[in-house]
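Just below is one structure, and these are the notes that go with it.
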Amino acid sequence: MKVLVVGGAGYIGSHTVRLLQKEGHQPIILDNLCAGHEEAARRLKVPFEKGDLGDIPRVKGVLADHRPEVVMHFAAFALVGESVTQPKKYYHNNVVSTLNLLDAMNDAGIKKFIFSSTCATYGNPQRPALDETHPQKPINPYGWSKWMVEQILRDYDRAYEMKHVALRYFNAAGGSPDGLIGEDHDPETHLIPVALQAVIGKRPGVTVFGTDYDTPDGTCVRDYIHVDDLAKAHILAIEHLNGGGESKMLNCGTGKGHSVKEVLDTVERVTGRKLNVTYGPRREGDPPVLVAVADQIRTLFGWKPQYTELEPIVRTAWTWFEKGGTYRPS
C-alpha cells in the first residue's frame with residue numbers, strides 16, 4: 001500500500017517508515033523539517049516531500065500526486081512544559097493543522113488514518129496502571145491538544161466514515177539496532193538520550209527530579225517502549241483497518257515500569273561509563289508511576305513487543321550514540 005507518513009523524518013515516524021519498507025509498503029514522507037531531519041529520509045531512500053500542514057494547497061497537492069491509501073500522522077509538538085508557556089503554538093499545530101490534513105484527506109476520498117496520541121490524555125493517574133477505561137483529564141495544553149484530536153476523529157468517523165486507529169504512546173525509546181536511524185531532538189528532553197549525551201560529553205550530567213516518590217527507590221517509574229515495537233503497532237493498525245476493523249483508540253506500552261534510577265544504572269552498565277548525577281526537587285506535574293495496560297492492542301492486533309526488558313532498549317540507543325547520536329554535521 002501507499003502510505004503517506006506525515007512527520008516521517010522525525011523519530012518515531014522514520015522508524016515506522018523503515019518498517020513499512022521492510023513489510024512491502026510504499027511510504028512517502030511529508031515533513032516541514034522543523035523537528036525532523038531530511039537526512040533520515042535520505043538514508044531510508046524514500047520519496048520525500050517538504051511541506052507544512054498549514055499550507056492546505058501543498059497538502060492537497062501531495063495527496064493528489066501520490067494518492068496514498070492510508071495516512072499516518074506523527075507531526076506534533078510534544079514538549080509538555082513548552083505547551084504550558086506557548087499554548088497557541090500547540091493548538092495551532094496539533095489541532096488546527098490536523099484538521100487541515102483530515103479535511104484534505106476527506107476531500108480526496110482517503111478514509112484511513114493512523115494517529116499518534118499519548119498517555120498524556122489521561123492526566124494525573126488515578127491508578128498506577130492505566131487502561132483505556134481510565135478517565136481522560138489532561139493537565140496541560142499538549143495533552144488537551146491530543147485529546148481534542150481524538151474527539152475530532154470520533155466525530156469524523158461518525159459523519160464522514162473516516163476510520164482511524166489512535167495509539168496512546170507511553171515512553172518511546174531506543175533506536176534501530178544497526179544504528180542507521182535514531183533519536184535526535186533539539187532540545188533533547190527524554191531521559192535515555194539525555195543520559196547518553198552526558199556519557200559522551202555533550203552535556204555535563206543528568207538531573208534526577210525527585211527522590212521521595214512512593215516508588216521502590218523513590219524516583220518516578222515509567223513504561224519504556226522500543227520505537228520499533230511502536231512502529232510495528234502502526235503496521236498492524238493498517239492491517240486492522242484494511243480488514244474492515246472499526247476505529248480504535250489503544251494504549252501502546254510494555255506494561256512494565258522502570259524507575260529513573262534504574263534507567264541511569266542501566267545506561268552506566270551498557271556503556272561501561274559513570275554518569276554525573278545531580279538530585280533535585282520534584283517537577284510539578286510528574287506523577288509517581290505511569291505504566292500501560294495494553295491488553296486491548298495485544299488481543300485485537302496480536303501485537304507483542306519484542307523489547308520487553310530495559311537493557312536491550314538502552315543498547316539500541318547506545319548503538320546510535322556510538323555513531324554520533326545525531327543527523328547533524330559535527
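To be explicit about the labels: the chains of the C-alpha cells are called A, B, and onward in the order shown, and within each one the residues are counted from 1, while ligands get numbers from 1 in the order they are shown.
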
>> For the helix (DSSP H, G or I) assignment from backbone DSSP, which residues of region 77-253 of chain A qualify? Please present them as a count of residues only.
In response: 77

> Counting only C-alpha atoms, what is within 9 Å of Pro125 (chain A), bar same-chain residues fewer than 2 positions away, as a VMD selection string?
Replying inline: chain A and resid 122 to 123 127 to 130 134 to 135 287 289 to 290

> If we count only C-alpha atoms, what is near region 34-36 of chain A at a cut-off of 8 Å, once residues fewer than 6 positions away on the same chain are taken out, given as number ranges by chain?
Replying inline: A: 7-11, 185-186

> Just how far from CA of Met249 (chain A) is CA of Glu132 (chain A), in Å to one decimal?
Replying inline: 7.8 Å

Can you check which parts of region 168-241 of chain A lie within 9 Å of region 70-94 of chain A? Per residue, the shortest pair of atoms and distance in Å to one decimal, counting only C-alpha atoms, sorted by chain and number, as CSV.
residue,atom,partner,partner_atom,distance
A:Thr189,CA,A:Leu79,CA,8.1
A:His234,CA,A:Met72,CA,8.2
A:Ile238,CA,A:Val70,CA,7.5

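Counting from CA of Lys146 (chain A), the distance to CA of Lys112 (chain A) is 18.1 Å.
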
> Which of these, A:Gly109, A:Pro141, A:Gly182, A:Gly302, has the shortest distance to Thr121 (chain A) once you count only C-alpha atoms?
Replying inline: A:Pro141

>> Residues within 7 Å of region 58-68 of chain A, please, as a PyMOL selection string. Count only C-alpha atoms; anything in the same chain fewer than 3 positions from it doesn't count.
In response: chain A and resi 2-4+51+53+55+71+104

Selection from above, C-alpha atoms, as a short mmCIF file (atom, residue, chain, number, x, y, z; two decimals), in the first residue's frame, can you write it?
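Dumped to result05.cif:
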data_model
loop_
_atom_site.label_atom_id
_atom_site.label_comp_id
_atom_site.auth_asym_id
_atom_site.auth_seq_id
_atom_site.Cartn_x
_atom_site.Cartn_y
_atom_site.Cartn_z
CA LYS A 2 0.98 3.61 -0.48
CA VAL A 3 1.20 5.26 2.94
CA LEU A 4 1.72 8.98 3.48
CA GLY A 51 5.65 20.85 3.32
CA LEU A 53 0.11 21.12 7.18
CA ASP A 55 -0.24 25.06 3.69
CA VAL A 71 -2.20 8.44 6.15
CA ALA A 104 -7.78 17.34 2.68
#

>> List the spatial neighbours of Tyr279 (chain A) as JSON, numbers by chain - criterion: any atom at most 9 Å away, only C-alpha atoms, same-chain residues fewer than 2 positions off excluded.
In response: {"A": [206, 207, 208, 209, 210, 211, 277, 281]}

Same residues, N, CA and C atoms, output as a PDB file, in the first residue's frame:
ATOM      1  N   VAL A 206      23.354  14.573  34.479  1.00  0.00           N
ATOM      2  CA  VAL A 206      21.918  14.310  34.471  1.00  0.00           C
ATOM      3  C   VAL A 206      21.343  14.745  35.815  1.00  0.00           C
ATOM      4  N   THR A 207      20.182  15.400  35.768  1.00  0.00           N
ATOM      5  CA  THR A 207      19.487  15.764  36.998  1.00  0.00           C
ATOM      6  C   THR A 207      18.295  14.841  37.197  1.00  0.00           C
ATOM      7  N   VAL A 208      18.198  14.281  38.400  1.00  0.00           N
ATOM      8  CA  VAL A 208      17.042  13.463  38.783  1.00  0.00           C
ATOM      9  C   VAL A 208      16.086  14.356  39.563  1.00  0.00           C
ATOM     10  N   PHE A 209      14.865  14.489  39.055  1.00  0.00           N
ATOM     11  CA  PHE A 209      13.893  15.381  39.685  1.00  0.00           C
ATOM     12  C   PHE A 209      13.001  14.593  40.641  1.00  0.00           C
ATOM     13  N   GLY A 210      13.362  14.617  41.897  1.00  0.00           N
ATOM     14  CA  GLY A 210      12.560  13.974  42.933  1.00  0.00           C
ATOM     15  C   GLY A 210      13.057  12.589  43.287  1.00  0.00           C
ATOM     16  N   THR A 211      13.310  12.383  44.575  1.00  0.00           N
ATOM     17  CA  THR A 211      13.765  11.069  45.063  1.00  0.00           C
ATOM     18  C   THR A 211      12.892  10.576  46.209  1.00  0.00           C
ATOM     19  N   VAL A 277      25.535  12.510  38.269  1.00  0.00           N
ATOM     20  CA  VAL A 277      24.112  12.621  38.582  1.00  0.00           C
ATOM     21  C   VAL A 277      23.892  13.647  39.686  1.00  0.00           C
ATOM     22  N   PRO A 281      14.735  18.764  43.287  1.00  0.00           N
ATOM     23  CA  PRO A 281      13.357  18.608  43.777  1.00  0.00           C
ATOM     24  C   PRO A 281      12.441  18.068  42.684  1.00  0.00           C
TER      25      PRO A 281
END

> Out of A:Leu264, A:Leu196, A:Met1, A:Val227, which residue has the shortest atom-to-atom distance to Pro177 (chain A) when counting only C-alpha atoms?
Replying inline: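 Between A:Leu264, A:Leu196, A:Met1, A:Val227, the residue approaching Pro177 (chain A) most closely is A:Val227.
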
> Distance CA of Glu49 (chain A)-CA of Val6 (chain A), one decimal place?
Replying inline: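 Those two atoms sit 9.5 Å apart.
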